[in-house]
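Contents: one structure, followed by commentary.
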2 protein chains.
Amino acid sequence: LEGMFKLSSWLGCSEFTPLVALELVSDTKEEAITWLLQRIRDKQRNGGAELLVEQLRPGLGVQEKQNPNLFLIGASLQRLLSGAEDLGLFKEFNDGSMRGFTCTNKQNFKDFQGDGDGFLSVAECQYIIKHELDTLRAKDESHVPGHTQAKLYPGKSIIRRLLSKGIMVQMFPLHQKEELKRLTFSWYKKVKLSLQPLGKIQCNYEGQALYFGFLEYFTFALIPMALIGVPYYLFDWDDYDKYVIFAVFNLIWCTVILELWKRFSATLAYRWGTLSRKKAFEEPRPGFHGVLGFNPVTGREEPLYPNAKRQLRVYCVSLPFVLLCLYGSLYVMMIYFQMEGWALSLHDEDPTFWTGVLLFIPSIIYAVVIEVLNLIYRYAAEFLTEWENHRLESSYQNHLILKVLVFNFFNCFASLFYIAFVMQDMVLLRQSLATLLITSQILNQFMEAFLPYWLQRRRNKKMMRRVTKMRTQEDKELPIEEQVRLEADMSTYLGTFDDYLELFLLFGYVSLFSCVYPLAAVLVLLNNITEVYSDAFKMCRVFKRPFSDPASNIGVWQLAFEAMSVIAVVTNCALIGMSPQVKAYFPESDMQLILWTVAIEHGLLAVKFILTFLIPDVPKPIQIQLAKLEFESLEALKKKVNTWGMFSVI
Amino acid sequence: LEGMFKLSSWLGCSEFTPLVALELVSDTKEEAITWLLQRIRDKQRNGGAELLVEQLRPGLGVQEKQNPNLFLIGASLQRLLSGAEDLGLFKEFNDGSMRGFTCTNKQNFKDFQGDGDGFLSVAECQYIIKHELDTLRAKDESHVPGHTQAKLYPGKSIIRRLLSKGIMVQMFPLHQKEELKRLTFSWYKKVKLSLQPLGKIQCNYEGQALYFGFLEYFTFALIPMALIGVPYYLFDWDDYDKYVIFAVFNLIWCTVILELWKRFSATLAYRWGTLSRKKAFEEPRPGFHGVLGFNPVTGREEPLYPNAKRQLRVYCVSLPFVLLCLYGSLYVMMIYFQMEGWALSLHDEDPTFWTGVLLFIPSIIYAVVIEVLNLIYRYAAEFLTEWENHRLESSYQNHLILKVLVFNFFNCFASLFYIAFVMQDMVLLRQSLATLLITSQILNQFMEAFLPYWLQRRRNKKMMRRVTKMRTQEDKELPIEEQVRLEADMSTYLGTFDDYLELFLLFGYVSLFSCVYPLAAVLVLLNNITEVYSDAFKMCRVFKRPFSDPASNIGVWQLAFEAMSVIAVVTNCALIGMSPQVKAYFPESDMQLILWTVAIEHGLLAVKFILTFLIPDVPKPIQIQLAKLEFESLEALKKKVNTWGMFSVI
């Protein structure tokens with residue numbers, strides 16, 4: 001039961017355990033607040049959410065700036081359990097299988113003891129509350145009381161309207177101090193060789209746990225490559241011919257690890273109950289707008305936006321924009337090569353120490369420029385994707401990921417491809433790869449962890465100072481009022497997008513070109529290990545706690561990694577074909593060499609696809625468990641039909 | 001309501017409408033028959049099938065040879081409707097959507113009138129009866145009464161045991177004369193330019209209808225290619241250079257038609273209610289054997305066979321065997337080329353008319369040998385796949401299809417690839433392609449339609465003669481007794497396997513090499529048109545009526561066709577690269593040419609895969625309908641949960 005959270009264990013200021021905080025703008029009308037609280041507290045049969053809610057008492061530093069409209073939300077145990085049933089949460093059954101939780105059957109679930117306190121994890125409780133708030137719908141109100149601009153219509157999600165009209169600033173789950181302490185200790189406070197506490201992470205950050213699982217898996221997968229890479233680096237550094245074996249290894253490695261990850265991911269998702277959980281019907285995103293009409297699927301009134309118009313925007317604006325950006329990135333690349341050539345000629349003319357240093361400058365500048373371009377493009381892509389007006393969050397995410405992926409891939413790897421295949425200069429390739437990899441890692445770690453940490457620390461200290469100024473404290477813990485306000489000020493965790501993107505690019509460096517720079521795997525491995533710690537730290541200390549977002553797999557990223565591995569096969573085959581070693585076998589005819597290379601490459605791609613089909617994505621034991629569940633539900637349905645049949649005869 | 005079948009309309013000899021016939025061996029023990037009939041007639045709550053069954057009266061020609069153990073099976077309308085609910089048949093609802101049929105809701109289905117007679121099609125009724133018979137399970141019998149060798153255990157399907165022990169000869173659905181007459185008329189009796197009556201075909205041959213749909217789609221898809229091919233053939237016959245445009249067309253064509261087929265197939269399957277029907281849990285195939293144990297999924301007692309052992313058989317016996325056969329096929333190909341060379345040298349030495357004819361002989365012999373090898377291999381593959389002891393029919397089918405596909409592909413196309421890319425002789429390629437295509441078509445049509453038809457006709461006539469000998473007939477129709485016996489003697493339709501295989505090979509000829517022989521599309525088009533008629537005829541007159549086998553798509557064949565289209569892209573790119581026209585652009589460097597060809601080919605393959613992702617497999621309106629159903633079931637579940645929650649509170 002480790003890592004499980006008990007509602008009763010939380011010693012707060014109120015008579016209930018606050019799980020989620022909700023912040024309205026400070027000039028919200030009193031009637032709007034009364035109405036909202038009443039709707040949240042109202043019984044479910046009256047269309048309310050039946051949750052507990054309470055205003056946060058003002059903090060110690062009573063200043064003008066402090067926003068009084070902060071609310072804490074919790075729920076009774078009964079409500080949480082029935083919410084879990086609503087959501088179809090999967091929990092471990094007595095027989096070790098995972099089943100959808102039902103209240104009638106609750107005693108048969110493994111960890112259900114007594115009244116069920118401690119049965120649900122914090123993340124689950126918060127996810128349930130978020131779901132209940134999200135599905136709190138307007139009845140016959142035409143607008144939010146006191147705010148005529150915030151129109152409502154029957155069935156509209158109230159929270160989403162408040163968010164989209166800016167009346168609600170944010171809604172965020174609260175860190176649970178005791179939990180957090182235990183988690184941080186086992187996660188990153190002790191230096192250890194053991195695995196991350198994935199189970200505990202899952203309890204706290206359900207949707208993000210899969211990312212940490214992937215990070216850990218990827219790190220372990222790099223070990224064999226790093227182990228081969230080091231001796232390669234030490235003994236064959238100047239022997240450019242020897243990279244063939246490494247390229248072959250690369251080729252197999254990138255295919256095998258992705259196939260195995262799918263199985264591992266299915267195992268994790270099954271154990272966490274997200275593999276077969278049915279997704280609820282997706283609500284439109286808060287930013288989605290359109291003409292009010294009837295959704296053809298649900299029959300509910302909601303804004304509609306014609307698909308044709310969206311497609312037009314995607315293909316006539318976004319696509320050309322992306323292509324233009326790619327062209328711009330190529331242009332920057334060409335400037336880099338000119339700079340490179342200029343530095344080289346300067347060094348050749350008059351080789352001094354300073355011109356020797358100068359040789360590295362263009363690569364470093366280029367690496368920095370790439371990062372900056374990626375950042376700028378990222379904002380543009382977000383703006384464009386927002387403008388495309390996708391109805392669903394998932395569709396928005398997919399379009400955004402696709403845009404960003406293509407550009408980042410191009411931006412990071414175009415120069416390497418150019419050096420490898422057009423200039424065919426393996427020494428320069430190695431040098432560029434090293435510079436790019438090291439510079440981008442340093443930049444990334446800085447931007448991702450140290451900068452936000454430093455900012456947060458400063459804010460933290462200020463708050464602490466204020467608190468200690470106001471009263472002398474025995475325990476150095478912050479009181480709940482201050483803690484919530486502190487968390488409200490923390491930056492928002494923007495999802496696993498950037499983390500996956502970083503891994504994707506690292507995977508690219510390793511799988512595409514590590515045969516010419518065998519240390520790449522070692523560098524990436526080191527980076528991943530620090531990444532585990534900095535990400536863990538980020539999640540626990542720097543950012544607001546994110547709502548969990550249960551996922552059965554890593555979704556579109558799996559696809560992206562697989563595309564990368566296909567490109568890796570092609571690239572490695574080409575590198576092998578270009579190696580002097582292989583060329584020696586075809587002394588007379590370059591054509592023969594190319595034809596053979598292409599033939600073997602096609603063969604390998606075919607084998608790769610066949611392997612993808614042959615290796616089942618879900619391990620056998622889990623397949624059996626899933627089939628069992630399916631079979632049972634079919635049988636249950638049959639029995640129900642028979643009973644109904646008999647009733648209808650009577 | 002056209003094509004719909006009314007139970008009441010069938011004027012048979014018995015008080016009920018016989019739908020399925022069941023034949024036991026003539027030396028079946030009397031007690032076994034009594035027991036079986038009693039189990040079939042028994043009420044469902046006693047574990048029976050609750051069907052109507054009656055022995056077929058002896059025919060007119062009372063001979064010793066006649067098997068008396070022929071039984072007719074039917075069912076009451078009520079039983080059929082509740083069976084439809086059990087099976088989760090999808091029927092058209094009042095609002096035009098397709099929904100799972102339920103008895104309580106029956107009045108809301110579109111074609112439900114009065115007591116529901118005519119609501120289910122014949123194929124559906126027969127499918128229901130087959131399902132009920134298949135799931136008739138042993139209770140506490142330890143063996144079939146009177147046949148101690150036919151062991152039973154609780155839960156074992158009785159029919160499957162009877163089949164596997166040879167006590168039951170066959171179980172087959174009966175042709176419904178009136179239906180059949182109407183169908184044959186609209187299907188193939190009238191010469192027409194219009195489409196096949198797919199709806200009617202679906203009512204009669206549910207699972208096979210998708211094949212006919214595909215055949216028709218493929219035929220239409222060939223029209224543009226044939227239209228381009230004819231002028232090409234007429235005007236550019238000797239201008240080998242001009243095939244580049246045709247190859248480009250090929251390339252696009254084979255990608256586009258497969259993508260569109262997926263959408264069309266989804267539309268058909270939705271309209272026929274097979275798209276979202278839940279598959280019942282699959283029973284082991286009758287031939288499956290193993291040690292009795294407990295199925296981990298169902299918990300039922302059934303034979304188990306370790307997966308490792310099966311894998312061992314697949315990879316250590318079947319795979320080497322297939323490879324050996326491929327080697328043999330290569331060997332035969334080499335002999336063909338030797339013969340070809342020998343004939344050519346003979347013709348060159350002393351060119352007469354006879355040596356001119358002799359030039360075609362090797363190709364024709366080779367084409368015949370290929371067909372014979374395919375046939376022999378087919379039996380070997382069936383034997384091997386049977387020996388691999390697959391638990392499920394679907395897994396058996398997949399392994400068989402894979403084995404046969406690979407060999408047939410190799411056997412049919414290896415020589416063409418050799419001529420095209422090793423010998424690079426476009427004239428010979430054209431000649432070989434034409435000979436192969438025409439010979440194999442003639443052979444196929446003969447083996448597939450004329451031979452069985454001729455055999456069937458002979459049998460038919462004999463029966464007619466006997467009947468007219470016995471009594472003078474006013475109507476020339478056979479009485480039911482004779483009709484059933486006649487059908488029992490018809491050959492069994494072995495599934496759509498061979499039909500799909502033929503289409504697959506034809507698709508290969510067209511998509512791979514039609515640019516060098518533009519008439520290929522025309523020939524295949526003609527073949528397809530005759531194929532529609534001969535297949536229709538075969539289904540209606542030559543073969544026993546098959547049980548329908550509802551399929552939501554063409555399954556593993558879709559994959560096979562897509563693999564072929566990938567190979568077609570590669571082949572056409574290579575052919576384009578080899579064309580003198582393109583070579584003229586790279587007068588100096590062959591290497592440049594090859595590199596460009598490979599680059600473009602990779603680009604095209606990438607585009608192909610991206611297209612596969614971009615084009616949704618299911619058309620939007622059907623997506624909406626499916627989402628609607630999903631949403632409603634979620635809502636219904638939620639309501640149920642709420643009701644239960646309230647109950648549990650009370």
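We label chains A, B, ... in the order they appear in the structure tokens, count residues from 1 in each chain, and number ligands from 1 in the order shown.
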
### Task
Determine which residues of region 141-365 of chain B DSSP labels as strand (DSSP E or B) from the backbone of this structure, then write them out as a count of residues only.
22

### Task
For chain A, report every residue with an atom at most 6 Å from chain B (counting only C-alpha atoms), formatted as a PyMOL selection string.
chain A and resi 297+591+624+628

### Task
Give me every alpha helix (DSSP H) residue in region 244-407 of chain A, going by DSSP on the backbone, as number ranges by chain.
A: 244-271, 307-313, 319-349, 353-358, 361-387, 393-407

Limited to C-alpha atoms, could you put the picked residues into a file as a CSV table (one decimal), in the first residue's frame?
chain,number,residue,atom,x,y,z
A,244,VAL,CA,30.6,-0.4,-40.1
A,245,ILE,CA,30.0,-2.8,-37.2
A,246,PHE,CA,28.8,0.0,-35.1
A,247,ALA,CA,26.3,1.1,-37.8
A,248,VAL,CA,25.0,-2.5,-38.1
A,249,PHE,CA,24.6,-2.5,-34.3
A,250,ASN,CA,22.8,0.8,-34.5
A,251,LEU,CA,20.4,-0.5,-37.1
A,252,ILE,CA,19.4,-3.5,-35.0
A,253,TRP,CA,19.3,-1.5,-31.8
A,254,CYS,CA,16.9,1.1,-32.9
A,255,THR,CA,14.4,-1.4,-34.2
A,256,VAL,CA,14.6,-3.8,-31.3
A,257,ILE,CA,14.3,-1.2,-28.5
A,258,LEU,CA,11.2,0.4,-29.9
A,259,GLU,CA,9.5,-3.0,-30.3
A,260,LEU,CA,10.3,-3.9,-26.8
A,261,TRP,CA,9.2,-0.6,-25.5
A,262,LYS,CA,5.7,-1.2,-26.9
A,263,ARG,CA,5.5,-4.4,-24.8
A,264,PHE,CA,7.0,-2.7,-21.7
A,265,SER,CA,4.7,0.2,-22.1
A,266,ALA,CA,1.6,-2.1,-22.4
A,267,THR,CA,2.8,-3.8,-19.2
A,268,LEU,CA,3.1,-0.6,-17.3
A,269,ALA,CA,-0.2,0.8,-18.6
A,270,TYR,CA,-1.9,-2.5,-17.6
A,271,ARG,CA,-0.5,-2.4,-14.2
A,307,ASN,CA,-14.1,20.8,-41.0
A,308,ALA,CA,-13.5,22.1,-44.5
A,309,LYS,CA,-12.6,25.5,-43.2
A,310,ARG,CA,-10.1,24.0,-40.7
A,311,GLN,CA,-8.6,21.8,-43.5
A,312,LEU,CA,-8.3,25.0,-45.6
A,313,ARG,CA,-6.4,26.7,-42.8
A,319,LEU,CA,1.6,23.9,-44.4
A,320,PRO,CA,3.1,26.7,-46.5
A,321,PHE,CA,4.3,28.4,-43.3
A,322,VAL,CA,6.0,25.3,-42.2
A,323,LEU,CA,7.6,24.8,-45.6
A,324,LEU,CA,8.8,28.4,-45.5
A,325,CYS,CA,10.3,27.9,-42.1
A,326,LEU,CA,12.1,24.8,-43.3
A,327,TYR,CA,13.5,26.9,-46.2
A,328,GLY,CA,14.6,29.5,-43.7
A,329,SER,CA,16.3,26.9,-41.6
A,330,LEU,CA,18.1,25.7,-44.7
A,331,TYR,CA,19.2,29.2,-45.4
A,332,VAL,CA,20.6,29.6,-41.9
A,333,MET,CA,22.4,26.3,-42.4
A,334,MET,CA,24.0,27.6,-45.6
A,335,ILE,CA,25.2,30.7,-43.7
A,336,TYR,CA,26.7,28.4,-41.1
A,337,PHE,CA,28.7,26.5,-43.8
A,338,GLN,CA,30.0,29.8,-45.2
A,339,MET,CA,31.1,30.8,-41.8
A,340,GLU,CA,32.7,27.5,-41.3
A,341,GLY,CA,34.6,27.8,-44.6
A,342,TRP,CA,35.6,31.3,-43.7
A,343,ALA,CA,37.0,30.3,-40.3
A,344,LEU,CA,38.8,27.4,-41.9
A,345,SER,CA,40.4,29.6,-44.6
A,346,LEU,CA,41.5,32.1,-41.9
A,347,HIS,CA,43.0,29.3,-39.9
A,348,ASP,CA,44.8,27.9,-42.9
A,349,GLU,CA,46.2,31.2,-43.9
A,353,PHE,CA,45.8,29.5,-31.2
A,354,TRP,CA,43.1,32.0,-31.6
A,355,THR,CA,42.2,30.9,-35.1
A,356,GLY,CA,42.2,27.4,-33.7
A,357,VAL,CA,39.5,28.5,-31.2
A,358,LEU,CA,37.8,30.3,-34.0
A,361,ILE,CA,32.9,29.2,-33.0
A,362,PRO,CA,30.6,28.7,-36.0
A,363,SER,CA,29.4,25.4,-34.7
A,364,ILE,CA,28.7,26.8,-31.3
A,365,ILE,CA,26.9,29.8,-32.8
A,366,TYR,CA,24.9,27.5,-35.1
A,367,ALA,CA,23.9,25.3,-32.1
A,368,VAL,CA,22.7,28.3,-30.2
A,369,VAL,CA,20.9,29.7,-33.3
A,370,ILE,CA,19.2,26.3,-33.8
A,371,GLU,CA,17.9,26.4,-30.2
A,372,VAL,CA,16.7,29.9,-30.6
A,373,LEU,CA,15.0,29.2,-33.9
A,374,ASN,CA,13.3,26.1,-32.4
A,375,LEU,CA,12.0,28.3,-29.6
A,376,ILE,CA,10.6,31.0,-31.9
A,377,TYR,CA,9.1,28.4,-34.2
A,378,ARG,CA,7.5,26.7,-31.2
A,379,TYR,CA,5.6,29.9,-30.4
A,380,ALA,CA,4.5,30.4,-34.0
A,381,ALA,CA,3.4,26.7,-34.2
A,382,GLU,CA,1.3,27.1,-31.1
A,383,PHE,CA,-0.3,30.3,-32.4
A,384,LEU,CA,-1.1,28.7,-35.8
A,385,THR,CA,-2.4,25.5,-34.2
A,386,GLU,CA,-4.6,27.5,-31.9
A,387,TRP,CA,-5.8,29.5,-34.9
A,393,GLU,CA,-7.4,18.8,-27.2
A,394,SER,CA,-6.0,15.6,-28.7
A,395,SER,CA,-6.3,16.8,-32.3
A,396,TYR,CA,-4.7,20.1,-31.3
A,397,GLN,CA,-1.8,18.3,-29.7
A,398,ASN,CA,-1.3,16.0,-32.7
A,399,HIS,CA,-1.2,19.0,-35.1
A,400,LEU,CA,1.2,20.9,-32.8
A,401,ILE,CA,3.5,17.9,-32.3
A,402,LEU,CA,3.6,17.2,-36.0
A,403,LYS,CA,4.5,20.9,-36.8
A,404,VAL,CA,7.2,21.1,-34.1
A,405,LEU,CA,8.6,17.7,-34.8
A,406,VAL,CA,9.2,18.3,-38.5
A,407,PHE,CA,10.8,21.6,-38.0

### Who sits within 10 Å of Ile158 (chain A), only C-alpha atoms, same chain under 4 positions skipped, as number ranges by chain
A: 36, 39, 133-139, 143-144, 150-154, 162-164

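Straight-line separation from CA of Ile576 (chain B) to CA of Ile610 (chain B): 22.6 Å.
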
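Interatomic distance, CA of Ala21 (chain A) against CA of Gly287 (chain A): 21.4 Å.
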
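Note that CA of Lys43 (chain B) and CA of Arg161 (chain B) are 21.3 Å apart.
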
### Message
Which residues are close to Pro303 (chain A), i.e. within 6 Å by only C-alpha atoms, leaving aside same-chain residues fewer than 2 positions away? Reply as a list in words.
### Response
Gly290, Val291, Leu292 and Gly293 of chain A

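The smallest atom-to-atom distance between Val230 (chain B) and any of B:Ser514, B:Asn69, B:Thr148, B:Ser552, using only C-alpha atoms, is found for B:Ser514.
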